[in-house]
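K.L.:
I'd like to ask some things about the structure below.
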4 protein chains.
Amino acid sequence: MKTLKNRDTLSQIVDCTFSPHNEPIMRVKPGETVVVETWDCFANVVKPGRELAAVLKSGETLYENPVTGPIYIEGAEKGDTLAVQIVDIQVPSMGLTTVMPGFGALEGWLSESPVLTKFVSIRNNLAYYKTENGKEISFPIKPFIGTIGVAPPYESISTVTPHKHGGNMDVQDVCAGNKLYLPVGVEGALFAAGDVHAAQGDGEICGTAVEVPASLTLKFELLKHKTIEWPRIESEDEIMTVSSAKPLEDAARLAYRELIRWLGEDYELSPYDAYMLLSLTAKARIAQIVDPLYTVVAKFPKALIKP
Amino acid sequence: MKTLKNRDTLSQIVDCTFSPHNEPIMRVKPGETVVVETWDCFANVVKPGRELAAVLKSGETLYENPVTGPIYIEGAEKGDTLAVQIVDIQVPSMGLTTVMPGFGALEGWLSESPVLTKFVSIRNNLAYYKTENGKEISFPIKPFIGTIGVAPPYESISTVTPHKHGGNMDVQDVCAGNKLYLPVGVEGALFAAGDVHAAQGDGEICGTAVEVPASLTLKFELLKHKTIEWPRIESEDEIMTVSSAKPLEDAARLAYRELIRWLGEDYELSPYDAYMLLSLTAKARIAQIVDPLYTVVAKFPKALIKP
Amino acid sequence: MKTLKNRDTLSQIVDCTFSPHNEPIMRVKPGETVVVETWDCFANVVKPGRELAAVLKSGETLYENPVTGPIYIEGAEKGDTLAVQIVDIQVPSMGLTTVMPGFGALEGWLSESPVLTKFVSIRNNLAYYKTENGKEISFPIKPFIGTIGVAPPYESISTVTPHKHGGNMDVQDVCAGNKLYLPVGVEGALFAAGDVHAAQGDGEICGTAVEVPASLTLKFELLKHKTIEWPRIESEDEIMTVSSAKPLEDAARLAYRELIRWLGEDYELSPYDAYMLLSLTAKARIAQIVDPLYTVVAKFPKALIKP
Amino acid sequence: MKTLKNRDTLSQIVDCTFSPHNEPIMRVKPGETVVVETWDCFANVVKPGRELAAVLKSGETLYENPVTGPIYIEGAEKGDTLAVQIVDIQVPSMGLTTVMPGFGALEGWLSESPVLTKFVSIRNNLAYYKTENGKEISFPIKPFIGTIGVAPPYESISTVTPHKHGGNMDVQDVCAGNKLYLPVGVEGALFAAGDVHAAQGDGEICGTAVEVPASLTLKFELLKHKTIEWPRIESEDEIMTVSSAKPLEDAARLAYRELIRWLGEDYELSPYDAYMLLSLTAKARIAQIVDPLYTVVAKFPKALIKP
């Protein structure tokens with residue numbers, strides 16, 4: 001199995017983009033499985049003894065959301081769909097959460113604007129958070145890939161931003177066992193991923209989750225001549241669509257419109273049947289409201305209908 | 001046990017509001033349980049043989065979202081909190097779903113703007129939806145109260161609109177077994193409810209759910225001198241806050257801010273501990289994006305921390 | 001000529017609304033001219049020696065945006081339009097501007113959140129503002145009525161909020177010489193006004209303008225069976241529509257849609273001719289982005305076309 | 001004087017971007033004046049006898065918003081400001097306005113969704129528009145550059161989108177006589193322009209203005225080590241800032257924040273003096289609400305204060 005180290009992307013982590021202009025650093029055939037090593041959202045520079053406030057103060061470059069890649073998928077062309085089976089996500093025994101000026105859904109709504117770094121230890125699939133007054137609070141982890149995507153057709157988009165190409169969507173359903181579909185925009189697709197979260201609440205409101213470096217096992221497939229507009233996800237129980245926009249209601253509308261299309265393409269539902277059925281049965285998760293565009297994932301239960 | 005029939009509210013169903021100016025039609029003491037009979041969102045006028053298009057065409061008044069009440073809660077004063085234990089919700093064997101011009105999250109995004117009425121039969125806790133091409137799709141019902149609230153301190157707010165007083169929130173967690181907290185705005189609280197949904201997807205995107213008349217069993221309690229800003233809900237597993245605003249991200253922000261307050265009041269979490277923990281563990285459901293203000297419910301799992 | 005003193009409204013200035021439930025304190029016939037005395041937005045309680053910070057600290061009630069009225073217009077019924085000719089606006093020799101926590105378009109974006117009161121003297125149609133470092137900056141005043149409206153059909157709306165009934169629109173074109181059209185919602189219209197600004201920038205971004213009490217001379221006319229959806233204004237040179245919504249682009253869309261209607265009703269322009277001509281020639285002013293809904297006024301030059 | 005023909009950019013008009021990756025096609029020294037020939041927003045392919053509907057139907061590529069450039073400015077580096085004096089804008093005797101599905105501020109709000117092309121003749125500084133029912137309506141032209149900007153620091157942004165680098169701002173004040181300031185993002189700045197409008201209303205609501213090819217006379221100057229965040233404009237009477245965001249109120253807030261900075265840098269006003277003075281005296285124009293981000297220009301009158 002091929003392995004892609006995050007160090008292989010070192011030259012690209014400053015001003016990191018999903019872009020047709022980035023040089024691929026690995027080539028993969030449809031059907032292949034690859035292990036991809038990823039940085040955390042700060043390129044692993046914040047650590048015990050080197051908190052975020054110290055890094056900011058030092059003037060050292062704070063890499064924003066580096067991804068590992070791009071991987072060139074042989075045979076992929078604009079108008080195809082890249083399917084990424086997420087086989088496994090391995091995370092370390094510690095992650096971190098931060099609060100930063102200029103970032104976060106409630107910035108300016110709470111009384112201060114501090115720089116905070118909180119290290120969260122991880123063991124036996126539980127994360128342990130220690131409060132200011134010394135309590136330890138534990139909760140289950142559910143690792144997923146925060147930033148994952150392909151090159152857009154002609155724009156170069158910062159890895160901080162989510163859009164049609166994927167990117168910084170922060171959707172918890174991009175987890176082991178699920179399959180992510182991405183719209184290929186350029187020859188070779190130019191896939192990349194990073195920014196794994198060991199756990200995250202809906203909205204990611206303080207601007208960060210349990211941020212971790214990780215090791216991903218990904219299997220790539222190619223759906224030739226299958227065109228989608230926004231990323232889609234399939235789990236055992238649900239089909240899902242992911243859209244990113246501002247304001248947040250537009251993200252929801254776009255995700256539902258894409259889901260109506262999917263229900264038409266594969267489940268023979270008319271637009272208005274799909275519209276009403278979604279109004280009666282769908283789930284919609286606010287993935288994040290802290291990145292340059294906000295992300296909603298809309299979900300339809302597969303139990304209701306056969307393809 | 002007292003029973004309040006929807007007919008008792010007949011004089012108020014035109015231009016229906018939550019208002020300090022409405023005359024109470026029943027008085028209840030804290031601790032009492034009441035059965036409240038409610039209309040569906042069209043005051044039960046749309047039925048088989050009398051579809052929405054026919055009603056609209058006839059020029060007959062289409063009552064919008066009538067509620068049953070108001071109920072005067074003895075001893076309630078501005079600054080208190082009214083707790084409503086939802087003991088039971090009984091629904092009939094048929095509900096209806098409609099699509100209407102000028103309403104719905106995807107209006108203008110789909111190719112036509114029809115008036116549609118779809119009757120949905122209900123049996124054994126399942127709803128049955130029949131598609132245009134004759135398939136029958138079934139899904140579990142989970143009845144909840146779509147519109148429920150008290151009089152605001154001095155404004156009169158249409159029953160179509162959700163806000164701090166409750167109103168047309170369309171939150172699926174206002175269901176049997178859960179407790180809803182509402183901020184008392186005037187003497188006697190002036191509680192009312194209606195618009196029950198047998199089932200609803202997140203967003204209620206076509207503008208309606210499985211709309212039903214219903215019979216509610218509600219137990220009222222009063223928390224004297226306990227002041228909250230937005231409605232709160234408690235289930236066995238979660239504490240939740242409900243906010244309504246535009247754009248949708250503001251509803252999410254307000255709900256999370258109220259949840260941070262709750263975690264401070266009852267769980268001894270500092271604002272920034274709460275902010276980060278919610279960023280790591282909270283759920284946020286888009287309740288609806290079709291009413292005059294949009295509604296988000298934010299949730300924190302009680303398993304994580306003891307009060 | 002009748003005169004309405006602001007003292008006549010004393011009983012209503014707490015929890016002030018535009019409401020069908022408010023008792024009229026004067027009756028006027030169409031064609032009559034009335035002098036209306038108005039408070040400033042704080043009911044004249046903030047003054048030299050009694051700055052806003054002191055009022056807030058004292059716990060004294062801070063009246064929010066009191067209006068003088070309501071005035072019952074004889075013969076007015078729901079579905080009519082009330083035309084208000086603004087004959088004159090007299091302002092005193094001093095106004096005030098404040099910055100307040102929880103208010104203002106850039107709250108949380110500037111480094112502090114102070115409470116500030118700035119007195120602005122007015123002489124010879126110029127306002128004089130003194131900076132922190134002692135410079136005096138003068139600019140022309142252009143007094144207008146910030147809050148003006150009628151009772152909505154059945155809701156009671158705080159005087160802080162603008163909507164279809166008028167209210168706290170803060171539109172600079174509601175000035176002497178112009179005519180304002182308001183949609184009558186209830187019998188008698190129940191007109192009221194207040195919150196005059198001697199001068200205001202677009203957006204009213206710090207949350208206040210040059211706030212003054214004032215004396216208005218208003219002439220009322222009634223357009224029977226003429227129905228409009230949003231307030232309209234006519235000056236010598238322009239026809240204008242005013243809409244209030246969130247987000248701000250919706251206020252702009254609604255104002256333009258109302259202007260397209262007006263161009264269809266009175267100028268024989270088809271919807272698409274009006275749409276394109278507005279795209280080529282209209283003006284749109286951001287009136288305010290600080291009230292509960294935001295206001296845009298859209299304008300079409302009368303020189304282009306004859307009614 | 002150097003002249004840059006739009007034909008020189010032919011290789012770049014498909015998938016047109018402002019991008020660090022575009023190859024400059026001309027080099028200019030600070031102080032030089034250049035004549036730049038620009039396409040209209042459809043690359044001049046729509047013309048009498050070849051209306052938009054026919055082009056769309058033919059499947060022919062519809063170039064979106066091509067710009068002429070990039071021009072490499074000698075000595076320009078990231079962190080500098082490029083000043084562009086707009087000396088002259090020459091427009092032809094005919095422009096065009098279109099309505100297109102999927103575009104326009106009121107799409108889905110009017111009854112149909114047609115494809116329309118309207119040719120507008122221009123003579124003696126007046127534009128002549130012919131209505132469906134045969135009336136001719138004339139109005140003054142005021143040509144300005146709709147799309148103008150430099151390469152962003154590392155992203156590649158479609159020429160359809162406005163942002164910090166300039167781009168498709170559609171601000172009427174980018175007209176002859178005024179000076180535009182742009183934040184240099186990369187070595188050489190990589191300036192380009194196109195999409196001239198002979199006239200445009202605020203909001204550009206149908207999605208187009210009077211679209212024309214044009215000949216621009218531009219003089220470039222470089223402000224070394226002067227850093228700005230958003231484009232700025234200076235006219236004889238006003239200083240202005242231009243921001244693009246969604247929702248529209250965020251564009252207004254960002255523009256005002258940049259204007260507060262400018263008033264601090266050059267006019268010795270404290271942030272709160274600037275905040276209050278803008279609240280009392282500023283103008284804010286809605287430039288457009290049809291592009292991927294919406295644009296507001298905020299203005300302060302120079303008469304009030306000396307630099």
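Please note that chains go A, B, ... in the order of the structure tokens, that every chain numbers its residues from 1, and that ligands are numbered from 1 in the order shown.
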Could you list, as a ChimeraX atom specification, the residues of chain C having an atom within 12 Å of chain A when counting only C-alpha atoms?
P.N.:
/C:101-103,106-113,246-250
K.L.:
Excluding range 38-50 of chain C and its own-chain neighbours fewer than 4 positions away, which residues fall within 7 Å of it when counting only C-alpha atoms? Please give them as a ChimeraX atom specification.
P.N.:
/C:6,54-55,62-68,194-196,211-215
K.L.:
Enumerate as a ChimeraX atom specification all residues of range 203-301 of chain B assigned to strand (DSSP E or B) by DSSP on the backbone, naming them with the chain letters and numbers the document uses.
P.N.:
/B:203,211-212,214-223,232-234,238-245,283-288,294-301
K.L.:
Would you output that residue set with N, CA, C and O atoms, as a compact mmCIF listing (two decimals), in the first residue's frame?
P.N.:
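Output file selection_11.txt is given in full below:
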```
# COMPACT_ATOMS: atom_id res chain seq x y z
N GLY B 203 -35.77 21.50 9.28
CA GLY B 203 -35.92 22.58 8.32
C GLY B 203 -37.36 22.76 7.87
O GLY B 203 -37.74 23.84 7.46
N GLU B 211 -49.22 17.66 9.25
CA GLU B 211 -50.03 18.59 10.05
C GLU B 211 -51.25 17.86 10.59
O GLU B 211 -52.01 17.25 9.84
N VAL B 212 -51.46 17.97 11.90
CA VAL B 212 -52.60 17.27 12.53
C VAL B 212 -53.24 18.11 13.63
O VAL B 212 -52.57 18.88 14.30
N ALA B 214 -54.82 17.72 17.40
CA ALA B 214 -54.29 16.81 18.42
C ALA B 214 -54.93 17.08 19.77
O ALA B 214 -55.64 18.07 19.97
N SER B 215 -54.66 16.18 20.67
CA SER B 215 -55.09 16.34 22.05
C SER B 215 -53.85 16.24 22.93
O SER B 215 -53.16 15.21 22.94
N LEU B 216 -53.55 17.32 23.65
CA LEU B 216 -52.33 17.41 24.45
C LEU B 216 -52.64 17.24 25.92
O LEU B 216 -53.63 17.79 26.40
N THR B 217 -51.80 16.53 26.62
CA THR B 217 -51.89 16.50 28.08
C THR B 217 -50.66 17.21 28.62
O THR B 217 -49.53 16.77 28.39
N LEU B 218 -50.92 18.30 29.34
CA LEU B 218 -49.83 19.18 29.77
C LEU B 218 -49.91 19.43 31.26
O LEU B 218 -50.99 19.69 31.79
N LYS B 219 -48.77 19.38 31.93
CA LYS B 219 -48.73 19.71 33.35
C LYS B 219 -47.88 20.98 33.53
O LYS B 219 -46.75 21.06 33.04
N PHE B 220 -48.46 21.96 34.23
CA PHE B 220 -47.79 23.25 34.37
C PHE B 220 -47.12 23.38 35.73
O PHE B 220 -47.70 23.02 36.75
N GLU B 221 -45.90 23.92 35.73
CA GLU B 221 -45.24 24.28 36.98
C GLU B 221 -44.67 25.69 36.83
O GLU B 221 -44.42 26.15 35.72
N LEU B 222 -44.43 26.30 37.95
CA LEU B 222 -43.96 27.68 37.92
C LEU B 222 -42.63 27.77 38.66
O LEU B 222 -42.51 27.29 39.78
N LEU B 223 -41.62 28.35 38.03
CA LEU B 223 -40.34 28.60 38.70
C LEU B 223 -40.29 30.10 39.01
O LEU B 223 -39.94 30.90 38.14
N ARG B 232 -36.24 26.95 26.75
CA ARG B 232 -35.31 25.86 27.03
C ARG B 232 -36.11 24.56 27.09
O ARG B 232 -37.30 24.58 27.38
N ILE B 233 -35.44 23.45 26.80
CA ILE B 233 -36.09 22.14 26.85
C ILE B 233 -35.19 21.20 27.63
O ILE B 233 -33.96 21.29 27.53
N GLU B 234 -35.83 20.29 28.35
CA GLU B 234 -35.04 19.27 29.03
C GLU B 234 -35.63 17.90 28.70
O GLU B 234 -36.83 17.68 28.83
N GLU B 238 -30.70 15.28 27.50
CA GLU B 238 -30.09 16.52 27.02
C GLU B 238 -30.73 17.76 27.65
O GLU B 238 -31.91 17.75 27.99
N ILE B 239 -29.94 18.82 27.75
CA ILE B 239 -30.52 20.15 27.96
C ILE B 239 -30.41 20.89 26.63
O ILE B 239 -29.44 20.71 25.89
N MET B 240 -31.42 21.70 26.34
CA MET B 240 -31.51 22.31 25.01
C MET B 240 -32.00 23.75 25.13
O MET B 240 -32.78 24.07 26.01
N THR B 241 -31.57 24.58 24.19
CA THR B 241 -32.06 25.96 24.11
C THR B 241 -32.54 26.21 22.69
O THR B 241 -32.02 25.64 21.74
N VAL B 242 -33.54 27.05 22.57
CA VAL B 242 -34.20 27.29 21.28
C VAL B 242 -34.19 28.78 20.97
O VAL B 242 -34.73 29.57 21.75
N SER B 243 -33.58 29.18 19.87
CA SER B 243 -33.61 30.59 19.48
C SER B 243 -34.07 30.73 18.04
O SER B 243 -33.85 29.83 17.22
N SER B 244 -34.69 31.85 17.75
CA SER B 244 -35.25 32.12 16.42
C SER B 244 -34.78 33.49 15.98
O SER B 244 -34.94 34.47 16.71
N ALA B 245 -34.21 33.57 14.77
CA ALA B 245 -33.65 34.82 14.26
C ALA B 245 -33.41 34.68 12.78
O ALA B 245 -33.62 33.61 12.20
N LYS B 283 -24.88 19.27 19.94
CA LYS B 283 -25.65 19.03 18.72
C LYS B 283 -26.45 20.29 18.43
O LYS B 283 -26.87 21.00 19.35
N ALA B 284 -26.71 20.56 17.15
CA ALA B 284 -27.56 21.69 16.78
C ALA B 284 -28.45 21.26 15.64
O ALA B 284 -27.97 20.83 14.59
N ARG B 285 -29.74 21.35 15.86
CA ARG B 285 -30.71 20.93 14.85
C ARG B 285 -31.31 22.19 14.22
O ARG B 285 -31.66 23.14 14.92
N ILE B 286 -31.42 22.21 12.90
CA ILE B 286 -32.17 23.27 12.23
C ILE B 286 -33.63 22.89 12.32
O ILE B 286 -34.08 21.97 11.65
N ALA B 287 -34.39 23.58 13.17
CA ALA B 287 -35.80 23.21 13.34
C ALA B 287 -36.61 23.59 12.11
O ALA B 287 -37.29 22.77 11.52
N GLN B 288 -36.53 24.88 11.71
CA GLN B 288 -37.26 25.28 10.51
C GLN B 288 -36.61 26.50 9.86
O GLN B 288 -36.02 27.33 10.54
N TYR B 294 -36.11 32.12 11.67
CA TYR B 294 -35.67 30.73 11.57
C TYR B 294 -35.25 30.22 12.95
O TYR B 294 -34.73 30.98 13.77
N THR B 295 -35.42 28.91 13.17
CA THR B 295 -35.22 28.37 14.51
C THR B 295 -34.13 27.30 14.55
O THR B 295 -34.09 26.40 13.71
N VAL B 296 -33.26 27.43 15.56
CA VAL B 296 -32.23 26.42 15.83
C VAL B 296 -32.38 25.96 17.28
O VAL B 296 -32.64 26.77 18.17
N VAL B 297 -32.25 24.65 17.50
CA VAL B 297 -32.19 24.15 18.86
C VAL B 297 -30.78 23.58 19.10
O VAL B 297 -30.28 22.80 18.30
N ALA B 298 -30.13 24.06 20.16
CA ALA B 298 -28.77 23.62 20.50
C ALA B 298 -28.85 22.71 21.72
O ALA B 298 -29.61 22.98 22.65
N LYS B 299 -28.05 21.64 21.73
CA LYS B 299 -28.21 20.58 22.73
C LYS B 299 -26.89 20.18 23.37
O LYS B 299 -25.88 20.06 22.69
N PHE B 300 -26.95 19.95 24.68
CA PHE B 300 -25.78 19.48 25.40
C PHE B 300 -26.14 18.18 26.11
O PHE B 300 -27.18 18.10 26.77
N PRO B 301 -25.29 17.14 26.00
CA PRO B 301 -25.62 15.85 26.61
C PRO B 301 -25.42 15.88 28.12
O PRO B 301 -24.34 16.24 28.61
```
K.L.:
Within 12 Å of Asn133 in chain A, counting only C-alpha atoms, which residues show up once you throw out same-chain ones fewer than 6 positions away? Write them as JSON, numbers by chain, please.
P.N.:
{"B": [267, 268, 269, 270, 272, 273]}
K.L.:
How about saving the chosen residues, all heavy atoms kept, as an mmCIF file, in the first residue's frame?
P.N.:
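File out09.cif, as written:
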```
data_model
loop_
_atom_site.group_PDB
_atom_site.id
_atom_site.type_symbol
_atom_site.label_atom_id
_atom_site.label_comp_id
_atom_site.auth_asym_id
_atom_site.auth_seq_id
_atom_site.Cartn_x
_atom_site.Cartn_y
_atom_site.Cartn_z
ATOM 1 N N TYR B 267 -24.380 24.347 36.129
ATOM 2 C CA TYR B 267 -23.324 23.332 36.043
ATOM 3 C C TYR B 267 -21.942 23.880 36.373
ATOM 4 O O TYR B 267 -20.940 23.217 36.126
ATOM 5 C CB TYR B 267 -23.318 22.682 34.652
ATOM 6 C CG TYR B 267 -24.588 21.929 34.331
ATOM 7 C CD1 TYR B 267 -25.705 22.577 33.831
ATOM 8 C CD2 TYR B 267 -24.685 20.551 34.566
ATOM 9 C CE1 TYR B 267 -26.885 21.892 33.545
ATOM 10 C CE2 TYR B 267 -25.849 19.852 34.285
ATOM 11 C CZ TYR B 267 -26.945 20.531 33.779
ATOM 12 O OH TYR B 267 -28.101 19.848 33.506
ATOM 13 N N GLU B 268 -21.895 25.112 36.878
ATOM 14 C CA GLU B 268 -20.630 25.708 37.320
ATOM 15 C C GLU B 268 -19.542 25.733 36.252
ATOM 16 O O GLU B 268 -18.354 25.608 36.561
ATOM 17 C CB GLU B 268 -20.093 24.967 38.555
ATOM 18 C CG GLU B 268 -20.957 25.202 39.772
ATOM 19 C CD GLU B 268 -20.362 24.554 41.022
ATOM 20 O OE1 GLU B 268 -19.357 23.836 40.896
ATOM 21 O OE2 GLU B 268 -20.918 24.791 42.104
ATOM 22 N N LEU B 269 -19.942 25.868 34.999
ATOM 23 C CA LEU B 269 -18.934 25.998 33.948
ATOM 24 C C LEU B 269 -18.716 27.479 33.646
ATOM 25 O O LEU B 269 -19.666 28.250 33.483
ATOM 26 C CB LEU B 269 -19.385 25.285 32.676
ATOM 27 C CG LEU B 269 -19.257 23.763 32.658
ATOM 28 C CD1 LEU B 269 -19.782 23.214 31.330
ATOM 29 C CD2 LEU B 269 -17.804 23.328 32.855
ATOM 30 N N SER B 270 -17.449 27.889 33.528
ATOM 31 C CA SER B 270 -17.139 29.260 33.135
ATOM 32 C C SER B 270 -17.568 29.449 31.680
ATOM 33 O O SER B 270 -17.691 28.471 30.934
ATOM 34 C CB SER B 270 -15.641 29.513 33.265
ATOM 35 O OG SER B 270 -14.965 28.920 32.164
ATOM 36 N N TYR B 272 -15.970 30.371 29.068
ATOM 37 C CA TYR B 272 -15.056 29.820 28.068
ATOM 38 C C TYR B 272 -14.941 28.299 28.137
ATOM 39 O O TYR B 272 -14.744 27.647 27.118
ATOM 40 C CB TYR B 272 -13.686 30.516 28.108
ATOM 41 C CG TYR B 272 -13.756 31.818 27.343
ATOM 42 C CD1 TYR B 272 -14.028 33.016 27.970
ATOM 43 C CD2 TYR B 272 -13.631 31.820 25.959
ATOM 44 C CE1 TYR B 272 -14.150 34.203 27.254
ATOM 45 C CE2 TYR B 272 -13.748 32.991 25.227
ATOM 46 C CZ TYR B 272 -14.005 34.173 25.877
ATOM 47 O OH TYR B 272 -14.139 35.338 25.148
ATOM 48 N N ASP B 273 -15.076 27.719 29.318
ATOM 49 C CA ASP B 273 -15.172 26.260 29.373
ATOM 50 C C ASP B 273 -16.421 25.780 28.624
ATOM 51 O O ASP B 273 -16.372 24.836 27.838
ATOM 52 C CB ASP B 273 -15.231 25.776 30.835
ATOM 53 C CG ASP B 273 -13.854 25.537 31.429
ATOM 54 O OD1 ASP B 273 -12.909 25.230 30.661
ATOM 55 O OD2 ASP B 273 -13.710 25.653 32.667
#
```
K.L.:
Could you tell me how far CA of His197 in chain B sits from CA of Thr147 in chain B, in Å to one decimal place?
P.N.:
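Interatomic distance here is 9.5 Å.
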K.L.:
From the DSSP assignment of the backbone, select every residue of range 96-306 of chain C that is helix (DSSP H, G or I), and format the answer as JSON, numbers by chain.
P.N.:
{"C": [248, 249, 250, 251, 252, 253, 254, 255, 256, 257, 258, 259, 260, 261, 262, 263, 264, 265, 266, 267, 271, 272, 273, 274, 275, 276, 277, 278, 279, 280, 281, 302, 303, 304]}
K.L.:
So that I can see what lies close to Thr161 in chain D, please list as a PyMOL selection string the residues with an atom at most 7 Å from it, counting only C-alpha atoms and leaving out residues fewer than 2 positions away in the same chain.
P.N.:
chain D and resi 157-159+163+167-168+291-293
K.L.:
Go ahead and compute the interatomic distance for CA of Glu136 in chain B and CA of Arg253 in chain A, in Å to one decimal.
P.N.:
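Calculated distance between CA of Glu136 in chain B and CA of Arg253 in chain A is 26.0 Å.
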K.L.:
Do you have the CA of Pro30 in chain C-CA of Met169 in chain C distance handy?
P.N.:
24.0 Å
